[in-house]
Structure formats: C-alpha cells, structure tokens
file final06.cif (mmCIF, C-alpha atoms, pLDDT in the B column; chains and numbers go by the auth columns)
data_structure
#
loop_
_atom_site.group_PDB
_atom_site.id
_atom_site.type_symbol
_atom_site.label_atom_id
_atom_site.label_comp_id
_atom_site.label_asym_id
_atom_site.label_seq_id
_atom_site.Cartn_x
_atom_site.Cartn_y
_atom_site.Cartn_z
_atom_site.B_iso_or_equiv
_atom_site.auth_seq_id
_atom_site.auth_asym_id
ATOM 1 C CA GLN A 1 -10.609 -21.176 -24.043 80.00 906 U
ATOM 2 C CA VAL A 2 -7.392 -20.336 -25.871 88.00 907 U
ATOM 3 C CA GLN A 3 -4.999 -17.570 -24.934 94.00 908 U
ATOM 4 C CA LEU A 4 -3.584 -15.545 -27.827 96.00 909 U
ATOM 5 C CA VAL A 5 -0.514 -13.331 -27.744 96.00 910 U
ATOM 6 C CA GLU A 6 0.386 -11.123 -30.703 97.00 911 U
ATOM 7 C CA SER A 7 3.827 -9.749 -31.472 97.00 912 U
ATOM 8 C CA GLY A 8 5.676 -8.079 -34.311 98.00 913 U
ATOM 9 C CA GLY A 9 3.953 -4.734 -34.513 97.00 914 U
ATOM 10 C CA GLY A 10 5.829 -1.454 -34.670 97.00 915 U
ATOM 11 C CA LEU A 11 6.612 1.667 -36.650 98.00 916 U
ATOM 12 C CA VAL A 12 7.591 1.294 -40.295 98.00 917 U
ATOM 13 C CA GLN A 13 7.892 3.598 -43.281 98.00 918 U
ATOM 14 C CA ALA A 14 5.512 3.328 -46.191 98.00 919 U
ATOM 15 C CA GLY A 15 6.616 0.568 -48.522 98.00 920 U
ATOM 16 C CA GLY A 16 8.163 -1.424 -45.709 98.00 921 U
ATOM 17 C CA SER A 17 7.256 -4.813 -44.269 98.00 922 U
ATOM 18 C CA LEU A 18 6.292 -6.333 -40.952 98.00 923 U
ATOM 19 C CA ARG A 19 5.434 -9.854 -39.867 98.00 924 U
ATOM 20 C CA LEU A 20 2.910 -10.290 -37.102 98.00 925 U
ATOM 21 C CA SER A 21 2.839 -13.481 -35.062 98.00 926 U
ATOM 22 C CA CYS A 22 0.079 -14.832 -32.849 97.00 927 U
ATOM 23 C CA THR A 23 0.921 -17.705 -30.527 96.00 928 U
ATOM 24 C CA ALA A 24 -1.841 -19.701 -28.891 94.00 929 U
ATOM 25 C CA SER A 25 -1.949 -21.699 -25.697 91.00 930 U
ATOM 26 C CA GLY A 26 -4.699 -23.667 -24.005 84.00 931 U
ATOM 27 C CA ARG A 27 -7.209 -25.388 -26.258 75.00 932 U
ATOM 28 C CA THR A 28 -5.966 -27.390 -29.249 78.00 933 U
ATOM 29 C CA PHE A 29 -4.891 -24.785 -31.769 80.00 934 U
ATOM 30 C CA SER A 30 -5.165 -26.919 -34.880 83.00 935 U
ATOM 31 C CA ASN A 31 -8.958 -27.153 -34.500 88.00 936 U
ATOM 32 C CA ASN A 32 -9.378 -23.394 -34.731 93.00 937 U
ATOM 33 C CA ALA A 33 -10.056 -21.161 -37.673 96.00 938 U
ATOM 34 C CA MET A 34 -7.988 -18.013 -37.247 97.00 939 U
ATOM 35 C CA GLY A 35 -8.283 -14.407 -38.269 98.00 940 U
ATOM 36 C CA TRP A 36 -6.359 -11.162 -38.219 98.00 941 U
ATOM 37 C CA PHE A 37 -8.518 -8.120 -37.618 98.00 942 U
ATOM 38 C CA ARG A 38 -7.570 -4.485 -37.443 98.00 943 U
ATOM 39 C CA GLN A 39 -9.110 -1.372 -35.990 98.00 944 U
ATOM 40 C CA ALA A 40 -8.073 2.175 -36.755 97.00 945 U
ATOM 41 C CA PRO A 41 -9.141 5.101 -34.543 92.00 946 U
ATOM 42 C CA GLY A 42 -12.776 5.980 -35.120 94.00 947 U
ATOM 43 C CA LYS A 43 -13.362 2.990 -37.390 96.00 948 U
ATOM 44 C CA GLU A 44 -14.995 -0.394 -36.970 96.00 949 U
ATOM 45 C CA ARG A 45 -12.947 -3.531 -36.517 97.00 950 U
ATOM 46 C CA GLU A 46 -12.446 -5.207 -39.882 97.00 951 U
ATOM 47 C CA CYS A 47 -11.107 -8.539 -41.003 98.00 952 U
ATOM 48 C CA ALA A 48 -7.805 -8.118 -42.804 98.00 953 U
ATOM 49 C CA ALA A 49 -7.223 -11.834 -43.365 98.00 954 U
ATOM 50 C CA ALA A 50 -8.543 -15.205 -42.226 98.00 955 U
ATOM 51 C CA ILE A 51 -7.518 -18.825 -42.593 97.00 956 U
ATOM 52 C CA SER A 52 -9.435 -22.073 -42.194 95.00 957 U
ATOM 53 C CA TRP A 53 -8.433 -24.664 -39.608 92.00 958 U
ATOM 54 C CA SER A 54 -7.250 -26.872 -42.453 91.00 959 U
ATOM 55 C CA GLY A 55 -5.143 -24.072 -43.894 89.00 960 U
ATOM 56 C CA GLY A 56 -6.728 -24.833 -47.229 90.00 961 U
ATOM 57 C CA ASN A 57 -8.727 -21.650 -47.520 95.00 962 U
ATOM 58 C CA THR A 58 -7.845 -18.034 -46.934 97.00 963 U
ATOM 59 C CA TYR A 59 -9.620 -14.704 -47.129 98.00 964 U
ATOM 60 C CA TYR A 60 -8.167 -11.249 -47.696 98.00 965 U
ATOM 61 C CA ALA A 61 -9.829 -7.882 -47.583 98.00 966 U
ATOM 62 C CA ASP A 62 -9.651 -6.133 -50.943 98.00 967 U
ATOM 63 C CA SER A 63 -7.490 -3.425 -49.407 97.00 968 U
ATOM 64 C CA VAL A 64 -4.719 -5.907 -48.517 98.00 969 U
ATOM 65 C CA LYS A 65 -4.888 -8.414 -51.383 98.00 970 U
ATOM 66 C CA GLY A 66 -1.531 -8.959 -53.003 98.00 971 U
ATOM 67 C CA ARG A 67 0.288 -7.341 -50.066 98.00 972 U
ATOM 68 C CA PHE A 68 -0.606 -9.437 -46.994 98.00 973 U
ATOM 69 C CA THR A 69 -0.245 -13.180 -46.502 98.00 974 U
ATOM 70 C CA ILE A 70 -1.775 -15.189 -43.672 98.00 975 U
ATOM 71 C CA SER A 71 -0.306 -18.561 -42.755 97.00 976 U
ATOM 72 C CA ARG A 72 -0.321 -20.992 -39.855 96.00 977 U
ATOM 73 C CA ASP A 73 2.126 -23.411 -38.290 95.00 978 U
ATOM 74 C CA ASP A 74 0.151 -25.801 -36.136 93.00 979 U
ATOM 75 C CA ALA A 75 3.323 -27.404 -34.775 93.00 980 U
ATOM 76 C CA LYS A 76 4.189 -24.026 -33.252 94.00 981 U
ATOM 77 C CA ASN A 77 0.601 -23.056 -32.385 94.00 982 U
ATOM 78 C CA THR A 78 1.209 -19.874 -34.332 96.00 983 U
ATOM 79 C CA VAL A 79 -0.515 -17.901 -37.059 97.00 984 U
ATOM 80 C CA TYR A 80 1.337 -15.242 -39.024 98.00 985 U
ATOM 81 C CA LEU A 81 0.453 -12.173 -41.019 98.00 986 U
ATOM 82 C CA GLN A 82 3.177 -11.103 -43.437 98.00 987 U
ATOM 83 C CA MET A 83 2.563 -7.507 -44.442 98.00 988 U
ATOM 84 C CA ASN A 84 4.442 -6.056 -47.413 98.00 989 U
ATOM 85 C CA SER A 85 4.227 -2.739 -49.266 98.00 990 U
ATOM 86 C CA LEU A 86 2.677 -1.157 -46.209 98.00 991 U
ATOM 87 C CA LYS A 87 0.673 2.034 -46.598 98.00 992 U
ATOM 88 C CA PRO A 88 -0.241 4.719 -44.061 97.00 993 U
ATOM 89 C CA GLU A 89 -3.849 3.517 -44.246 97.00 994 U
ATOM 90 C CA ASP A 90 -2.715 0.171 -42.819 98.00 995 U
ATOM 91 C CA THR A 91 -2.080 1.937 -39.520 98.00 996 U
ATOM 92 C CA ALA A 92 -4.232 0.255 -36.867 98.00 997 U
ATOM 93 C CA VAL A 93 -4.242 -2.032 -33.880 98.00 998 U
ATOM 94 C CA TYR A 94 -4.062 -5.578 -35.203 98.00 999 U
ATOM 95 C CA TYR A 95 -5.840 -8.353 -33.332 98.00 1000 U
ATOM 96 C CA CYS A 96 -5.548 -12.098 -33.643 98.00 1001 U
ATOM 97 C CA ALA A 97 -8.730 -14.129 -33.139 97.00 1002 U
ATOM 98 C CA ALA A 98 -9.612 -17.807 -32.840 96.00 1003 U
ATOM 99 C CA LYS A 99 -12.847 -19.565 -33.693 94.00 1004 U
ATOM 100 C CA SER A 100 -13.370 -23.026 -32.223 88.00 1005 U
ATOM 101 C CA ARG A 101 -17.129 -23.636 -32.460 86.00 1006 U
ATOM 102 C CA GLY A 102 -18.950 -24.460 -35.672 84.00 1007 U
ATOM 103 C CA VAL A 103 -15.746 -24.565 -37.681 86.00 1008 U
ATOM 104 C CA THR A 104 -15.890 -26.198 -41.121 84.00 1009 U
ATOM 105 C CA PHE A 105 -13.019 -27.634 -43.129 84.00 1010 U
ATOM 106 C CA TYR A 106 -12.767 -24.669 -45.492 85.00 1011 U
ATOM 107 C CA GLY A 107 -14.285 -21.999 -43.308 88.00 1012 U
ATOM 108 C CA ALA A 108 -12.436 -18.684 -43.271 90.00 1013 U
ATOM 109 C CA TYR A 109 -14.543 -16.339 -41.175 95.00 1014 U
ATOM 110 C CA THR A 110 -14.726 -12.581 -41.535 95.00 1015 U
ATOM 111 C CA ASN A 111 -17.279 -11.434 -38.958 96.00 1016 U
ATOM 112 C CA PRO A 112 -15.661 -10.600 -35.604 96.00 1017 U
ATOM 113 C CA ARG A 113 -18.763 -11.907 -33.826 96.00 1018 U
ATOM 114 C CA GLN A 114 -17.981 -15.374 -35.131 95.00 1019 U
ATOM 115 C CA TYR A 115 -14.776 -15.580 -33.090 96.00 1020 U
ATOM 116 C CA ASP A 116 -14.481 -16.908 -29.566 94.00 1021 U
ATOM 117 C CA ASP A 117 -11.114 -15.677 -28.330 95.00 1022 U
ATOM 118 C CA TRP A 118 -9.034 -12.565 -28.936 97.00 1023 U
ATOM 119 C CA GLY A 119 -5.515 -11.375 -28.335 97.00 1024 U
ATOM 120 C CA GLN A 120 -4.690 -8.055 -26.727 97.00 1025 U
ATOM 121 C CA GLY A 121 -3.669 -6.422 -30.013 97.00 1026 U
ATOM 122 C CA THR A 122 -0.460 -5.030 -31.417 98.00 1027 U
ATOM 123 C CA GLN A 123 -0.012 -1.535 -32.839 98.00 1028 U
ATOM 124 C CA VAL A 124 1.115 -1.118 -36.434 98.00 1029 U
ATOM 125 C CA THR A 125 2.003 2.408 -37.509 98.00 1030 U
ATOM 126 C CA VAL A 126 3.011 3.221 -41.072 98.00 1031 U
ATOM 127 C CA SER A 127 4.556 6.621 -41.657 97.00 1032 U
ATOM 128 C CA SER A 128 4.377 8.412 -44.993 94.00 1033 U
#

call {"tool": "encode", "arguments": {"input": "final06.cif", "output": "structure tokens"}}
result
Amino acid sequence: QVQLVESGGGLVQAGGSLRLSCTASGRTFSNNAMGWFRQAPGKERECAAAISWSGGNTYYADSVKGRFTISRDDAKNTVYLQMNSLKPEDTAVYYCAAKSRGVTFYGAYTNPRQYDDWGQGTQVTVSS
C-alpha cells in the first residue's frame, strides 16, 4: 500500500493558477501509474489527468487540455498537477490516485476503479 497526501488546493479567481502536489510514501512510487481525479458536488468522479509510470505517456480530459499539466518527480515521490487559466467549472475536490498492479510501460489510466490507493483530496474553488 502507498499513502498519498495532496496539497496546494485553495481559492483562486477565474484565470488564475494553482499547482497541486501529491507526495507518496510506502510502496515504491516509481512503479506506479498516477492520476488526478476530481469530483464536483452531485457529479461523478472524473479523471482530469493521468501519467504512466514511465512518465512517457499522459492523458488529459478534453475539458482541461491545454490548461493543465501533469508531471512526476520520482526522486521526490511526488506527482504534480499544474492548473492554469482556471475556470469556475474546475471547482471540485481533487484526488491523487496510484495504480500499482497491472501497470504497463505507457499505461495512463482513466477509470477510478483501476486505481489501488487514494489521497484524502484537496479542495479547489474557482470564483468568477
């Protein structure tokens, strides 16, 4: 099992930026594919961005393409989500997730059921 702790959420005006961080401890981080999910009130949890364990493949939801960037620093056991040009519809709780089983070199996974471990979430609120 890996423990995940998110940070960096907060309140920002539309058009602003935030960088979320997720630091892992426990199991070897570099073997994990990672994802950032978000869940707004009354909506299903959706994958905003994902990155393969190799870092060579990424996925972005259409709604965040060109604005969000996922990256990982295995030396720091940390995955980041840089969020620019934020919109009110980006308001949600953002969760970091790790997948350790059945991971392929280029696998960037978008289904929350594919992930093994989750952080507690961090609130992002974008005001108009």

call {"tool": "resolve_selection", "arguments": {"input": "final06.cif", "expression": "the PyMOL selection byres ((chain U and resi 952) around 6)", "output": "ChimeraX atom specification"}}
result
/U:942,951,953-954,1015

call {"tool": "residues_around", "arguments": {"input": "final06.cif", "residues": "U:Leu991", "least_positions_apart": "2", "cutoff": "8 Å", "atoms": "all atoms listed in the file", "output": "list in words"}}
result
Gln918, Ala919, Gly920, Gly921, Ser922, Arg972, Met988, Asn989, Pro993, Asp995 and Val1031 of chain U

call {"tool": "residues_around", "arguments": {"input": "final06.cif", "residues": "stretch 928-930 of chain U", "least_positions_apart": "4", "cutoff": "10 Å", "atoms": "only C-alpha atoms", "output": "MDAnalysis selection string"}}
result
chainID U and resid 906:912 934:935 977:979 981:985 1001:1003 1024

call {"tool": "residues_around", "arguments": {"input": "final06.cif", "residues": "U:Ala1013", "least_positions_apart": "5", "cutoff": "12 Å", "atoms": "all atoms listed in the file", "output": "MDAnalysis selection string"}}
result
chainID U and resid 937:941 952:966 975 1002:1005 1007:1008 1019:1020

call {"tool": "write_last_selection", "arguments": {"input": "final06.cif", "atoms": "C-alpha atoms", "output": "PDB file, keeping the file's coordinate frame"}}
result
ATOM      1  CA  ASN U 937      -9.378 -23.394 -34.731  1.00 93.00           C
ATOM      2  CA  ALA U 938     -10.056 -21.161 -37.673  1.00 96.00           C
ATOM      3  CA  MET U 939      -7.988 -18.013 -37.247  1.00 97.00           C
ATOM      4  CA  GLY U 940      -8.283 -14.407 -38.269  1.00 98.00           C
ATOM      5  CA  TRP U 941      -6.359 -11.162 -38.219  1.00 98.00           C
ATOM      6  CA  CYS U 952     -11.107  -8.539 -41.003  1.00 98.00           C
ATOM      7  CA  ALA U 953      -7.805  -8.118 -42.804  1.00 98.00           C
ATOM      8  CA  ALA U 954      -7.223 -11.834 -43.365  1.00 98.00           C
ATOM      9  CA  ALA U 955      -8.543 -15.205 -42.226  1.00 98.00           C
ATOM     10  CA  ILE U 956      -7.518 -18.825 -42.593  1.00 97.00           C
ATOM     11  CA  SER U 957      -9.435 -22.073 -42.194  1.00 95.00           C
ATOM     12  CA  TRP U 958      -8.433 -24.664 -39.608  1.00 92.00           C
ATOM     13  CA  SER U 959      -7.250 -26.872 -42.453  1.00 91.00           C
ATOM     14  CA  GLY U 960      -5.143 -24.072 -43.894  1.00 89.00           C
ATOM     15  CA  GLY U 961      -6.728 -24.833 -47.229  1.00 90.00           C
ATOM     16  CA  ASN U 962      -8.727 -21.650 -47.520  1.00 95.00           C
ATOM     17  CA  THR U 963      -7.845 -18.034 -46.934  1.00 97.00           C
ATOM     18  CA  TYR U 964      -9.620 -14.704 -47.129  1.00 98.00           C
ATOM     19  CA  TYR U 965      -8.167 -11.249 -47.696  1.00 98.00           C
ATOM     20  CA  ALA U 966      -9.829  -7.882 -47.583  1.00 98.00           C
ATOM     21  CA  ILE U 975      -1.775 -15.189 -43.672  1.00 98.00           C
ATOM     22  CA  ALA U1002      -8.730 -14.129 -33.139  1.00 97.00           C
ATOM     23  CA  ALA U1003      -9.612 -17.807 -32.840  1.00 96.00           C
ATOM     24  CA  LYS U1004     -12.847 -19.565 -33.693  1.00 94.00           C
ATOM     25  CA  SER U1005     -13.370 -23.026 -32.223  1.00 88.00           C
ATOM     26  CA  GLY U1007     -18.950 -24.460 -35.672  1.00 84.00           C
ATOM     27  CA  VAL U1008     -15.746 -24.565 -37.681  1.00 86.00           C
ATOM     28  CA  GLN U1019     -17.981 -15.374 -35.131  1.00 95.00           C
ATOM     29  CA  TYR U1020     -14.776 -15.580 -33.090  1.00 96.00           C
TER      30      TYR U1020
END

call {"tool": "resolve_selection", "arguments": {"input": "final06.cif", "expression": "the PyMOL selection byres ((chain U and resi 945) around 7)", "output": "list in words"}}
result
Arg943, Gln944, Pro946, Gly947, Lys948, Thr996, Ala997 and Val998 of chain U

call {"tool": "atom_distance", "arguments": {"input": "final06.cif", "atom1": "atom CA of U:Val917", "atom2": "atom CA of U:Pro1017"}}
result
26.5 Å

call {"tool": "resolve_selection", "arguments": {"input": "final06.cif", "expression": "the PyMOL selection byres ((chain U and resi 914) around 10)", "output": "ChimeraX atom specification"}}
result
/U:911-913,915-917,923-926,997-999,1026-1030

call {"tool": "atom_distance", "arguments": {"input": "final06.cif", "atom1": "atom CA of U:Arg932", "atom2": "atom CA of U:Arg1006"}}
result
11.8 Å

call {"tool": "axis_aligned_box", "arguments": {"input": "final06.cif", "around": "stretch 1010-1025 of chain U", "padding_each_side": "5 Å", "output": "lines of an AutoDock Vina configuration file"}}
result
center_x = -11.7
center_y = -17.8
center_z = -36.1
size_x = 24.1
size_y = 29.6
size_z = 28.8

call {"tool": "closest_residue", "arguments": {"input": "final06.cif", "among": "U:Lys992, U:Glu949, U:Phe1010, U:Asp1022", "to": "U:Ser968", "atoms": "only C-alpha atoms"}}
result
U:Lys992

call {"tool": "atom_distance", "arguments": {"input": "final06.cif", "atom1": "atom CA of U:Arg950", "atom2": "atom CA of U:Glu994"}}
result
13.9 Å

call {"tool": "closest_residue", "arguments": {"input": "final06.cif", "among": "U:Tyr1000, U:Tyr1011, U:Phe973, U:Trp1023", "to": "U:Gln987", "atoms": "all atoms listed in the file"}}
result
U:Phe973

call {"tool": "closest_residue", "arguments": {"input": "final06.cif", "among": "U:Cys927, U:Gln1025, U:Arg1018, U:Ser1033", "to": "U:Ser976", "atoms": "only C-alpha atoms"}}
result
U:Cys927
